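Here is the file my_file09.pdb (PDB, C-alpha atoms).
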ATOM      1  CA  MET A   2       0.000   0.000   0.000  1.00  0.00           C
ATOM      2  CA  HIS A   3       1.337   3.391  -0.968  1.00  0.00           C
ATOM      3  CA  SER A   4       0.427   6.387   1.152  1.00  0.00           C
ATOM      4  CA  ALA A   5       0.553   9.890  -0.224  1.00  0.00           C
ATOM      5  CA  THR A   6       2.674  12.323   1.724  1.00  0.00           C
ATOM      6  CA  MET A   7       1.979  15.999   1.988  1.00  0.00           C
ATOM      7  CA  PRO A   8       4.759  18.225   0.722  1.00  0.00           C
ATOM      8  CA  SER A   9       6.418  19.891   3.689  1.00  0.00           C
ATOM      9  CA  ARG A  10       6.208  23.651   3.720  1.00  0.00           C
ATOM     10  CA  ARG A  11       9.368  25.400   4.852  1.00  0.00           C
ATOM     11  CA  VAL A  12       8.898  27.508   7.954  1.00  0.00           C
ATOM     12  CA  PRO A  13      10.361  31.029   7.544  1.00  0.00           C
ATOM     13  CA  ARG A  14      13.095  31.924   9.996  1.00  0.00           C
ATOM     14  CA  PRO A  15      13.738  35.308  11.633  1.00  0.00           C
ATOM     15  CA  VAL A  16      16.559  37.404  10.201  1.00  0.00           C
ATOM     16  CA  PRO A  17      18.256  38.954  13.237  1.00  0.00           C
ATOM     17  CA  SER A  18      20.191  42.189  13.273  1.00  0.00           C
ATOM     18  CA  PRO A  19      23.809  41.952  14.423  1.00  0.00           C
ATOM     19  CA  ALA A  20      24.246  42.236  18.184  1.00  0.00           C
ATOM     20  CA  PRO A  21      25.162  45.825  19.018  1.00  0.00           C
ATOM     21  CA  SER A  22      28.294  46.897  20.803  1.00  0.00           C
ATOM     22  CA  GLY A  23      28.536  49.601  23.413  1.00  0.00           C
ATOM     23  CA  ASN A  24      26.081  50.429  26.166  1.00  0.00           C
ATOM     24  CA  ILE A  25      23.314  47.837  26.388  1.00  0.00           C
ATOM     25  CA  THR A  26      20.500  48.310  28.899  1.00  0.00           C
ATOM     26  CA  ARG A  27      19.186  45.015  30.293  1.00  0.00           C
ATOM     27  CA  ALA A  28      15.628  44.911  31.612  1.00  0.00           C
ATOM     28  CA  LEU A  29      15.100  43.807  35.208  1.00  0.00           C
ATOM     29  CA  LYS A  30      11.713  42.577  34.030  1.00  0.00           C
ATOM     30  CA  ALA A  31      11.004  41.841  30.356  1.00  0.00           C
ATOM     31  CA  ARG A  32       8.704  44.416  28.752  1.00  0.00           C
ATOM     32  CA  PRO A  33       5.826  43.363  26.482  1.00  0.00           C
ATOM     33  CA  VAL A  34       6.212  44.544  22.887  1.00  0.00           C
ATOM     34  CA  TRP A  35       4.954  44.026  19.335  1.00  0.00           C
ATOM     35  CA  VAL A  36       7.757  43.046  16.973  1.00  0.00           C
ATOM     36  CA  ASP A  37       7.852  43.250  13.178  1.00  0.00           C
ATOM     37  CA  VAL A  38      10.162  40.304  12.527  1.00  0.00           C
ATOM     38  CA  PRO A  39      11.923  40.221   9.138  1.00  0.00           C
ATOM     39  CA  THR A  40      12.016  36.681   7.752  1.00  0.00           C
ATOM     40  CA  ASP A  41      14.398  34.881   5.426  1.00  0.00           C
ATOM     41  CA  ASP A  42      11.680  34.474   2.791  1.00  0.00           C
ATOM     42  CA  GLY A  43      11.660  38.261   2.287  1.00  0.00           C
ATOM     43  CA  GLY A  44       8.518  38.787   4.339  1.00  0.00           C
ATOM     44  CA  GLU A  45       7.765  40.225   7.719  1.00  0.00           C
ATOM     45  CA  THR A  46       5.664  38.884  10.590  1.00  0.00           C
ATOM     46  CA  ARG A  47       4.169  40.960  13.416  1.00  0.00           C
ATOM     47  CA  THR A  48       4.113  39.021  16.652  1.00  0.00           C
ATOM     48  CA  ALA A  49       3.884  39.572  20.385  1.00  0.00           C
ATOM     49  CA  GLY A  50       7.127  39.326  22.295  1.00  0.00           C
ATOM     50  CA  PHE A  51       9.180  40.727  25.129  1.00  0.00           C
ATOM     51  CA  ALA A  52      12.041  43.230  25.122  1.00  0.00           C
ATOM     52  CA  LEU A  53      14.976  41.833  27.084  1.00  0.00           C
ATOM     53  CA  ALA A  54      17.612  44.500  26.363  1.00  0.00           C
ATOM     54  CA  TRP A  55      18.065  47.563  24.168  1.00  0.00           C
ATOM     55  CA  THR A  56      20.324  50.267  22.876  1.00  0.00           C
ATOM     56  CA  ARG A  57      19.390  53.456  21.065  1.00  0.00           C
ATOM     57  CA  ASP A  58      19.160  51.589  17.736  1.00  0.00           C
ATOM     58  CA  ALA A  59      18.408  47.935  18.546  1.00  0.00           C
ATOM     59  CA  VAL A  60      16.278  45.765  20.823  1.00  0.00           C
ATOM     60  CA  GLU A  61      16.871  42.185  21.930  1.00  0.00           C
ATOM     61  CA  VAL A  62      13.502  40.452  21.837  1.00  0.00           C
ATOM     62  CA  GLN A  63      12.113  37.072  22.790  1.00  0.00           C
ATOM     63  CA  VAL A  64       9.205  35.702  20.772  1.00  0.00           C
ATOM     64  CA  LEU A  65       7.502  32.360  20.372  1.00  0.00           C
ATOM     65  CA  TRP A  66       8.552  31.194  16.919  1.00  0.00           C
ATOM     66  CA  ARG A  67       7.438  28.149  14.995  1.00  0.00           C
ATOM     67  CA  LYS A  68      10.236  25.723  14.236  1.00  0.00           C
ATOM     68  CA  ASP A  69       9.772  22.673  12.017  1.00  0.00           C
ATOM     69  CA  TYR A  70       7.185  20.885  14.167  1.00  0.00           C
ATOM     70  CA  TYR A  71       7.094  22.822  17.445  1.00  0.00           C
ATOM     71  CA  VAL A  72       7.050  26.351  18.849  1.00  0.00           C
ATOM     72  CA  ALA A  73       9.953  27.620  20.943  1.00  0.00           C
ATOM     73  CA  ALA A  74      11.045  30.823  22.648  1.00  0.00           C
ATOM     74  CA  THR A  75      13.579  32.478  20.369  1.00  0.00           C
ATOM     75  CA  GLU A  76      15.788  35.472  21.201  1.00  0.00           C
ATOM     76  CA  PHE A  77      17.425  37.815  18.703  1.00  0.00           C
ATOM     77  CA  TRP A  78      18.203  41.476  18.023  1.00  0.00           C
ATOM     78  CA  VAL A  79      16.094  43.676  15.722  1.00  0.00           C
ATOM     79  CA  GLY A  80      16.202  47.352  14.798  1.00  0.00           C
ATOM     80  CA  ALA A  81      14.461  49.574  17.342  1.00  0.00           C
ATOM     81  CA  SER A  82      12.064  50.887  14.671  1.00  0.00           C
ATOM     82  CA  ARG A  83      10.594  47.350  14.422  1.00  0.00           C
ATOM     83  CA  VAL A  84       9.450  47.311  18.067  1.00  0.00           C
ATOM     84  CA  GLN A  85       6.426  48.930  19.735  1.00  0.00           C
ATOM     85  CA  ARG A  86       5.328  48.660  23.349  1.00  0.00           C
ATOM     86  CA  ARG A  87       2.165  46.724  24.089  1.00  0.00           C
ATOM     87  CA  VAL A  88      -0.020  46.516  27.162  1.00  0.00           C
ATOM     88  CA  ILE A  89      -1.052  43.290  28.819  1.00  0.00           C
ATOM     89  CA  GLU A  90      -4.313  43.891  30.650  1.00  0.00           C
ATOM     90  CA  PRO A  91      -5.060  41.923  33.807  1.00  0.00           C
ATOM     91  CA  GLN A  92      -7.214  38.918  32.935  1.00  0.00           C
ATOM     92  CA  TRP A  93      -9.865  39.900  35.467  1.00  0.00           C
ATOM     93  CA  LEU A  94     -10.358  43.333  33.889  1.00  0.00           C
ATOM     94  CA  GLY A  95     -13.978  43.825  32.852  1.00  0.00           C
ATOM     95  CA  ARG A  96     -15.306  40.762  34.627  1.00  0.00           C
ATOM     96  CA  PRO A  97     -18.053  41.276  37.188  1.00  0.00           C
ATOM     97  CA  VAL A  98     -16.938  41.071  40.804  1.00  0.00           C
ATOM     98  CA  ALA A  99     -18.501  38.066  42.546  1.00  0.00           C
TER      99      ALA A  99
END

This structure in structure tokens:
Amino acid sequence: MHSATMPSRRVPRPVPSPAPSGNITRALKARPVWVDVPTDDGGETRTAGFALAWTRDAVEVQVLWRKDYYVAATEFWVGASRVQRRVIEPQWLGRPVA
């Protein structure tokens, strides 16, 4: 019996910026951000992440990124213009008080 296999679709990978040199500020607590991640297929993906460190021109981010068959936390540097702060609201916000 011959079973048909689905062609595997290549998962795009992030294209990191080079790690900066000089004064790097490390966060005591990671800050929630939106990141426009450039990918090796020439595209760009906006995803939620956390800023771990930054300089004037670059930000080290951590995002959940799909690998071949799983999702893993991935850290890399991107240009600062690709990052925007985001707000994480408390989960109880807007729910009636019991």

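As for CA of Glu90 in chain A and CA of Pro33 in chain A, they are spaced 11.0 Å apart.
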
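Using only C-alpha atoms, the shortest contact distance between Val12 in chain A and any of A:Leu53, A:Ala28, A:Val60, A:Val72 is found at A:Val72.
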
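With all atoms listed in the file as the basis for measurement, A:Val38 is the residue among A:Ala73, A:Ala59, A:Phe51, A:Val38 that approaches Pro13 in chain A most closely.
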
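Between Arg67 in chain A and the candidates A:Thr46, A:Val36, A:Arg83, A:Ala31, the tightest atom-to-atom separation, counting all atoms listed in the file, involves A:Thr46.
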
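Counting all atoms listed in the file and comparing A:Ala49, A:Leu65, A:Ile25, A:Pro17, the residue that lies closest to Val79 in chain A is A:Pro17.
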
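Comparing the minimum interatomic distances between Arg14 in chain A and each of A:Asp42, A:Glu61, A:Glu76, A:Asp37, counting only C-alpha atoms, we find that A:Asp42 sits nearest.
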
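Picture a line from CA of Ala20 in chain A to CA of Tyr70 in chain A; it runs 27.6 Å.
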
Subject >> Explicit residue set for the PyMOL selection byres ((chain A and resi 35) around 6), as a ChimeraX atom specification >> reply: /A:34,36,48-50,84-85

- Excluding Thr26 in chain A and residues on its chain fewer than 5 positions from it, collect all residues at most 9 Å away from it, counting all atoms listed in the file, and give them as a VMD selection string. chain A and resid 53 to 56

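Nearest to Pro19 in chain A of all the residues A:Val88, A:Asp58, A:Ala74, A:Lys68 is A:Asp58, counting all atoms listed in the file.
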
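Taking CA of Leu29 in chain A and CA of Pro91 in chain A as endpoints, the distance between them is 20.3 Å.
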